[in-house]
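Peer 1: So that you have it, the file is data_18.cif, and it contains mmCIF, C-alpha atoms:
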data_start
#
loop_
_atom_site.group_PDB
_atom_site.id
_atom_site.type_symbol
_atom_site.label_atom_id
_atom_site.label_comp_id
_atom_site.auth_asym_id
_atom_site.auth_seq_id
_atom_site.Cartn_x
_atom_site.Cartn_y
_atom_site.Cartn_z
ATOM 1 C CA MET A 18 -124.184 -0.283 206.320
ATOM 2 C CA GLU A 19 -126.400 -2.993 204.896
ATOM 3 C CA ILE A 20 -127.274 -6.377 206.413
ATOM 4 C CA ALA A 21 -124.469 -8.090 204.434
ATOM 5 C CA ASP A 22 -121.897 -5.615 205.798
ATOM 6 C CA TRP A 23 -123.014 -6.161 209.389
ATOM 7 C CA ARG A 24 -122.835 -9.909 208.850
ATOM 8 C CA ARG A 25 -119.259 -9.609 207.619
ATOM 9 C CA LYS A 26 -118.522 -7.614 210.771
ATOM 10 C CA ILE A 27 -120.159 -10.379 212.871
ATOM 11 C CA ASP A 28 -118.057 -13.040 211.127
ATOM 12 C CA GLU A 29 -114.900 -11.082 211.976
ATOM 13 C CA LEU A 30 -116.016 -10.731 215.595
ATOM 14 C CA ASP A 31 -116.740 -14.469 215.751
ATOM 15 C CA GLU A 32 -113.181 -15.203 214.629
ATOM 16 C CA GLN A 33 -111.880 -13.245 217.604
ATOM 17 C CA ILE A 34 -114.474 -14.676 220.011
ATOM 18 C CA VAL A 35 -113.698 -18.292 219.001
ATOM 19 C CA LYS A 36 -109.970 -17.650 219.476
ATOM 20 C CA LEU A 37 -110.527 -16.180 222.955
ATOM 21 C CA LEU A 38 -112.919 -18.973 223.983
ATOM 22 C CA ASN A 39 -110.215 -21.457 223.035
ATOM 23 C CA GLU A 40 -107.622 -19.566 225.049
ATOM 24 C CA ARG A 41 -110.068 -19.624 227.947
ATOM 25 C CA ALA A 42 -110.492 -23.377 227.455
ATOM 26 C CA SER A 43 -106.714 -23.897 227.542
ATOM 27 C CA ALA A 44 -106.541 -21.989 230.824
ATOM 28 C CA ALA A 45 -109.474 -23.992 232.239
ATOM 29 C CA ARG A 46 -107.724 -27.243 231.283
ATOM 30 C CA ALA A 47 -104.513 -26.096 232.954
ATOM 31 C CA ILE A 48 -106.505 -25.329 236.110
ATOM 32 C CA GLY A 49 -108.189 -28.735 235.812
ATOM 33 C CA ARG A 50 -104.795 -30.456 235.815
ATOM 34 C CA LEU A 51 -103.605 -28.437 238.822
ATOM 35 C CA LYS A 52 -106.819 -29.249 240.688
ATOM 36 C CA GLN A 53 -106.394 -32.944 239.929
ATOM 37 C CA THR A 54 -102.818 -32.903 241.259
ATOM 38 C CA ALA A 55 -103.993 -31.132 244.411
ATOM 39 C CA SER A 56 -107.166 -33.279 244.719
ATOM 40 C CA LEU A 57 -109.348 -30.165 244.544
ATOM 41 C CA PRO A 58 -112.949 -30.341 243.261
ATOM 42 C CA VAL A 59 -113.741 -29.211 239.683
ATOM 43 C CA TYR A 60 -116.945 -27.493 240.797
ATOM 44 C CA GLU A 61 -116.171 -24.360 242.794
ATOM 45 C CA PRO A 62 -119.322 -22.269 243.173
ATOM 46 C CA ASN A 63 -117.463 -19.351 244.787
ATOM 47 C CA ARG A 64 -115.148 -18.986 241.812
ATOM 48 C CA GLU A 65 -118.093 -19.256 239.419
ATOM 49 C CA ASN A 66 -119.895 -16.465 241.271
ATOM 50 C CA THR A 67 -116.760 -14.348 241.082
ATOM 51 C CA VAL A 68 -116.733 -14.827 237.300
ATOM 52 C CA PHE A 69 -120.408 -13.783 237.027
ATOM 53 C CA GLU A 70 -119.771 -10.700 239.174
ATOM 54 C CA HIS A 71 -116.691 -9.817 237.149
ATOM 55 C CA VAL A 72 -118.436 -9.992 233.774
ATOM 56 C CA GLN A 73 -121.334 -7.957 235.164
ATOM 57 C CA THR A 74 -118.905 -5.291 236.429
ATOM 58 C CA ILE A 75 -117.100 -4.960 233.106
ATOM 59 C CA ASN A 76 -120.249 -5.104 230.972
ATOM 60 C CA ALA A 77 -120.653 -1.726 229.252
ATOM 61 C CA GLY A 78 -123.661 -2.851 227.146
ATOM 62 C CA PRO A 79 -125.681 -2.872 224.974
ATOM 63 C CA LEU A 80 -126.108 -6.486 226.174
ATOM 64 C CA PRO A 81 -128.354 -6.464 229.259
ATOM 65 C CA HIS A 82 -126.687 -8.112 232.280
ATOM 66 C CA GLU A 83 -129.219 -10.942 232.282
ATOM 67 C CA GLU A 84 -128.482 -11.823 228.662
ATOM 68 C CA LEU A 85 -124.730 -11.690 229.215
ATOM 69 C CA LYS A 86 -125.237 -13.948 232.226
ATOM 70 C CA HIS A 87 -127.167 -16.434 230.063
ATOM 71 C CA ILE A 88 -124.182 -16.632 227.718
ATOM 72 C CA TYR A 89 -121.710 -16.990 230.584
ATOM 73 C CA GLU A 90 -123.747 -19.730 232.217
ATOM 74 C CA ARG A 91 -123.229 -21.769 229.062
ATOM 75 C CA ILE A 92 -119.533 -20.838 228.793
ATOM 76 C CA ILE A 93 -118.968 -21.942 232.386
ATOM 77 C CA ASP A 94 -120.914 -25.199 231.878
ATOM 78 C CA VAL A 95 -118.702 -26.028 228.911
ATOM 79 C CA MET A 96 -115.493 -25.059 230.719
ATOM 80 C CA ARG A 97 -116.459 -27.208 233.690
ATOM 81 C CA SER A 98 -117.122 -30.137 231.394
ATOM 82 C CA ILE A 99 -113.723 -29.920 229.643
ATOM 83 C CA GLN A 100 -111.987 -29.487 233.009
ATOM 84 C CA ARG A 101 -113.054 -32.912 234.191
ATOM 85 C CA PRO A 102 -110.830 -35.874 233.379
ATOM 86 C CA PRO A 103 -112.472 -38.221 230.790
ATOM 87 C CA SER A 104 -113.261 -40.873 233.429
ATOM 88 C CA GLU A 105 -115.398 -38.406 235.397
ATOM 89 C CA ASN A 106 -117.283 -37.306 232.285
ATOM 90 C CA ARG A 107 -118.557 -40.810 231.823
ATOM 91 C CA LYS A 108 -120.216 -40.805 235.271
ATOM 92 C CA MET B 26 -98.286 -21.003 236.652
ATOM 93 C CA GLU B 27 -100.532 -21.567 239.645
ATOM 94 C CA ILE B 28 -104.339 -21.633 239.762
ATOM 95 C CA ALA B 29 -104.471 -17.949 240.790
ATOM 96 C CA ASP B 30 -102.322 -16.963 237.786
ATOM 97 C CA TRP B 31 -104.542 -18.876 235.371
ATOM 98 C CA ARG B 32 -107.586 -17.228 236.903
ATOM 99 C CA ARG B 33 -106.090 -13.801 236.363
ATOM 100 C CA LYS B 34 -105.504 -14.826 232.757
ATOM 101 C CA ILE B 35 -109.166 -15.956 232.495
ATOM 102 C CA ASP B 36 -110.356 -12.631 233.933
ATOM 103 C CA GLU B 37 -108.351 -10.790 231.274
ATOM 104 C CA LEU B 38 -109.798 -13.025 228.539
ATOM 105 C CA ASP B 39 -113.317 -12.396 229.873
ATOM 106 C CA GLU B 40 -112.760 -8.652 229.567
ATOM 107 C CA GLN B 41 -112.021 -9.105 225.860
ATOM 108 C CA ILE B 42 -114.833 -11.650 225.349
ATOM 109 C CA VAL B 43 -117.443 -9.382 227.007
ATOM 110 C CA LYS B 44 -116.324 -6.457 224.834
ATOM 111 C CA LEU B 45 -116.609 -8.533 221.657
ATOM 112 C CA LEU B 46 -119.993 -10.002 222.647
ATOM 113 C CA ASN B 47 -121.239 -6.441 223.095
ATOM 114 C CA GLU B 48 -119.883 -5.438 219.683
ATOM 115 C CA ARG B 49 -121.658 -8.488 218.263
ATOM 116 C CA ALA B 50 -124.852 -7.393 220.032
ATOM 117 C CA SER B 51 -124.579 -3.896 218.527
ATOM 118 C CA ALA B 52 -124.246 -5.429 215.066
ATOM 119 C CA ALA B 53 -127.208 -7.755 215.716
ATOM 120 C CA ARG B 54 -129.321 -4.784 216.809
ATOM 121 C CA ALA B 55 -128.367 -2.867 213.665
ATOM 122 C CA ILE B 56 -129.418 -5.878 211.588
ATOM 123 C CA GLY B 57 -132.646 -6.077 213.604
ATOM 124 C CA ARG B 58 -133.480 -2.486 212.725
ATOM 125 C CA LEU B 59 -132.728 -3.061 209.031
ATOM 126 C CA LYS B 60 -134.883 -6.201 209.044
ATOM 127 C CA GLN B 61 -137.744 -4.297 210.662
ATOM 128 C CA THR B 62 -137.551 -1.560 208.011
ATOM 129 C CA ALA B 63 -137.556 -4.193 205.275
ATOM 130 C CA SER B 64 -140.217 -6.346 207.030
ATOM 131 C CA LEU B 65 -137.834 -9.319 207.106
ATOM 132 C CA PRO B 66 -138.169 -12.036 209.765
ATOM 133 C CA VAL B 67 -135.817 -12.026 212.794
ATOM 134 C CA TYR B 68 -135.413 -15.803 212.664
ATOM 135 C CA GLU B 69 -133.330 -16.831 209.667
ATOM 136 C CA PRO B 70 -132.285 -20.467 210.000
ATOM 137 C CA ASN B 71 -130.011 -20.341 206.948
ATOM 138 C CA ARG B 72 -127.959 -17.492 208.390
ATOM 139 C CA GLU B 73 -127.790 -19.269 211.768
ATOM 140 C CA ASN B 74 -126.459 -22.407 210.061
ATOM 141 C CA THR B 75 -123.867 -20.317 208.256
ATOM 142 C CA VAL B 76 -122.706 -18.956 211.625
ATOM 143 C CA PHE B 77 -122.407 -22.482 213.086
ATOM 144 C CA GLU B 78 -120.453 -23.657 210.032
ATOM 145 C CA HIS B 79 -118.195 -20.623 210.177
ATOM 146 C CA VAL B 80 -117.283 -21.045 213.843
ATOM 147 C CA GLN B 81 -116.657 -24.755 213.265
ATOM 148 C CA THR B 82 -114.341 -23.939 210.320
ATOM 149 C CA ILE B 83 -112.285 -21.422 212.290
ATOM 150 C CA ASN B 84 -112.143 -23.492 215.482
ATOM 151 C CA ALA B 85 -108.526 -24.507 216.073
ATOM 152 C CA GLY B 86 -109.232 -26.121 219.467
ATOM 153 C CA PRO B 87 -108.745 -27.221 222.180
ATOM 154 C CA LEU B 88 -112.532 -26.704 222.462
ATOM 155 C CA PRO B 89 -114.267 -29.660 220.780
ATOM 156 C CA HIS B 90 -116.657 -28.546 218.013
ATOM 157 C CA GLU B 91 -119.666 -29.809 219.952
ATOM 158 C CA GLU B 92 -118.776 -27.709 222.996
ATOM 159 C CA LEU B 93 -118.149 -24.613 220.909
ATOM 160 C CA LYS B 94 -121.493 -25.197 219.249
ATOM 161 C CA HIS B 95 -123.173 -25.368 222.691
ATOM 162 C CA ILE B 96 -121.760 -21.936 223.489
ATOM 163 C CA TYR B 97 -122.790 -20.512 220.123
ATOM 164 C CA GLU B 98 -126.317 -21.855 220.427
ATOM 165 C CA ARG B 99 -126.687 -19.709 223.523
ATOM 166 C CA ILE B 100 -125.002 -16.688 221.915
ATOM 167 C CA ILE B 101 -127.376 -16.918 218.953
ATOM 168 C CA ASP B 102 -130.431 -17.341 221.225
ATOM 169 C CA VAL B 103 -129.467 -14.181 223.074
ATOM 170 C CA MET B 104 -128.716 -12.231 219.877
ATOM 171 C CA ARG B 105 -132.072 -13.258 218.415
ATOM 172 C CA SER B 106 -133.830 -12.114 221.572
ATOM 173 C CA ILE B 107 -132.204 -8.647 221.564
ATOM 174 C CA GLN B 108 -132.900 -8.306 217.821
ATOM 175 C CA ARG B 109 -136.639 -8.427 218.316
ATOM 176 C CA PRO B 110 -138.464 -5.161 218.971
ATOM 177 C CA PRO B 111 -139.763 -4.971 222.599
ATOM 178 C CA SER B 112 -143.384 -5.571 221.532
ATOM 179 C CA GLU B 113 -142.451 -8.937 219.994
ATOM 180 C CA ASN B 114 -140.529 -10.013 223.077
ATOM 181 C CA ARG B 115 -143.694 -9.773 225.107
ATOM 182 C CA LYS B 116 -145.457 -12.300 222.887
#
Just give me the structure as structure tokens.
Peer 2:
Amino acid sequence: MEIADWRRKIDELDEQIVKLLNERASAARAIGRLKQTASLPVYEPNRENTVFEHVQTINAGPLPHEELKHIYERIIDVMRSIQRPPSENRK
Amino acid sequence: MEIADWRRKIDELDEQIVKLLNERASAARAIGRLKQTASLPVYEPNRENTVFEHVQTINAGPLPHEELKHIYERIIDVMRSIQRPPSENRK
């Protein structure tokens, strides 16, 4: 395979990744609404650690754990930010 | 659905996301090897812009474009780092 073929493969993978990230965002928003109803905090470090442990457990490589964690740190930052109601984002 | 159900859903999504990120990493490594053989640079800003445009085009929400871009900036940073041969990473 040449560079152009691998890039086509990457574009196809990105289509799936973007779809799944959006599904994850919908789930995070649903949790955000449930937390708001129950007056629970958006930031839950224990749950975030569980997510990091989970992705490390299921990681079969070739991505090193540290690099996968870098990506997930950003995913979780973004999910936390869209979980907050708009008024809290302005703070 | 309760918070625990949504979290189970998120864990399932993460299993798929981690798998796809690893497939993307394999493709990036293959490209890295081809670039090395052809003495091409690892950093190609035009290709990176194409990736950002592509993910923006296919993004159907609810993730805002800016937030998706934040995630992809990190994904691309990581992919660039694993594309470099070990000797270059030490620089």
Peer 1: In Å, how far is it from atom CA of Asp94 of chain A to atom CA of Ile101 of chain B?
Peer 2: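 Taking atom CA of Asp94 of chain A as the start and atom CA of Ile101 of chain B as the end point, the length is 16.7 Å.
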Peer 1: Quick one: everything within 8 Å of His95 of chain B, counting all atoms listed in the file, minus sequence neighbours fewer than 3 positions away in the same chain. Send it as a ChimeraX atom specification.
Peer 2: /A:91,95 /B:91-92,98-99
Peer 1: Could you please take those selected residues and save C-alpha atoms as a CSV table (one decimal), keeping the file's coordinate frame?
Peer 2:
chain,number,residue,atom,x,y,z
A,91,ARG,CA,-123.2,-21.8,229.1
A,95,VAL,CA,-118.7,-26.0,228.9
B,91,GLU,CA,-119.7,-29.8,220.0
B,92,GLU,CA,-118.8,-27.7,223.0
B,98,GLU,CA,-126.3,-21.9,220.4
B,99,ARG,CA,-126.7,-19.7,223.5
Peer 1: Could you tell me which residues of chain A sit within 7 Å of chain B when counting all atoms listed in the file, and give me the result as a PDB file with C-alpha atoms, in the coordinates of the input?
Peer 2:
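Generated file (iface-v1.pdb):
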ATOM      1  CA  ILE A  20    -127.274  -6.377 206.413  1.00  0.00           C
ATOM      2  CA  TRP A  23    -123.014  -6.161 209.389  1.00  0.00           C
ATOM      3  CA  ILE A  27    -120.159 -10.379 212.871  1.00  0.00           C
ATOM      4  CA  LEU A  30    -116.016 -10.731 215.595  1.00  0.00           C
ATOM      5  CA  ASP A  31    -116.740 -14.469 215.751  1.00  0.00           C
ATOM      6  CA  GLU A  32    -113.181 -15.203 214.629  1.00  0.00           C
ATOM      7  CA  ILE A  34    -114.474 -14.676 220.011  1.00  0.00           C
ATOM      8  CA  VAL A  35    -113.698 -18.292 219.001  1.00  0.00           C
ATOM      9  CA  LEU A  37    -110.527 -16.180 222.955  1.00  0.00           C
ATOM     10  CA  ASN A  39    -110.215 -21.457 223.035  1.00  0.00           C
ATOM     11  CA  ARG A  41    -110.068 -19.624 227.947  1.00  0.00           C
ATOM     12  CA  ALA A  42    -110.492 -23.377 227.455  1.00  0.00           C
ATOM     13  CA  SER A  43    -106.714 -23.897 227.542  1.00  0.00           C
ATOM     14  CA  ALA A  44    -106.541 -21.989 230.824  1.00  0.00           C
ATOM     15  CA  ILE A  48    -106.505 -25.329 236.110  1.00  0.00           C
ATOM     16  CA  LEU A  51    -103.605 -28.437 238.822  1.00  0.00           C
ATOM     17  CA  VAL A  72    -118.436  -9.992 233.774  1.00  0.00           C
ATOM     18  CA  ILE A  75    -117.100  -4.960 233.106  1.00  0.00           C
ATOM     19  CA  ASN A  76    -120.249  -5.104 230.972  1.00  0.00           C
ATOM     20  CA  GLY A  78    -123.661  -2.851 227.146  1.00  0.00           C
ATOM     21  CA  PRO A  79    -125.681  -2.872 224.974  1.00  0.00           C
ATOM     22  CA  LEU A  80    -126.108  -6.486 226.174  1.00  0.00           C
ATOM     23  CA  GLU A  84    -128.482 -11.823 228.662  1.00  0.00           C
ATOM     24  CA  ILE A  88    -124.182 -16.632 227.718  1.00  0.00           C
ATOM     25  CA  ARG A  91    -123.229 -21.769 229.062  1.00  0.00           C
ATOM     26  CA  ILE A  92    -119.533 -20.838 228.793  1.00  0.00           C
ATOM     27  CA  VAL A  95    -118.702 -26.028 228.911  1.00  0.00           C
TER      28      VAL A  95
END
Peer 1: Would you mind reading off the distance between atom CA of Pro66 of chain B and atom CA of His90 of chain B, one decimal, in Å?
Peer 2: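 Computing the Euclidean distance for atom CA of Pro66 of chain B and atom CA of His90 of chain B yields 28.3 Å.
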Peer 1: Do you have the atom CA of Gln108 of chain B-atom CA of Val67 of chain B distance handy?
Peer 2: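 These two atoms are separated by 6.9 Å.
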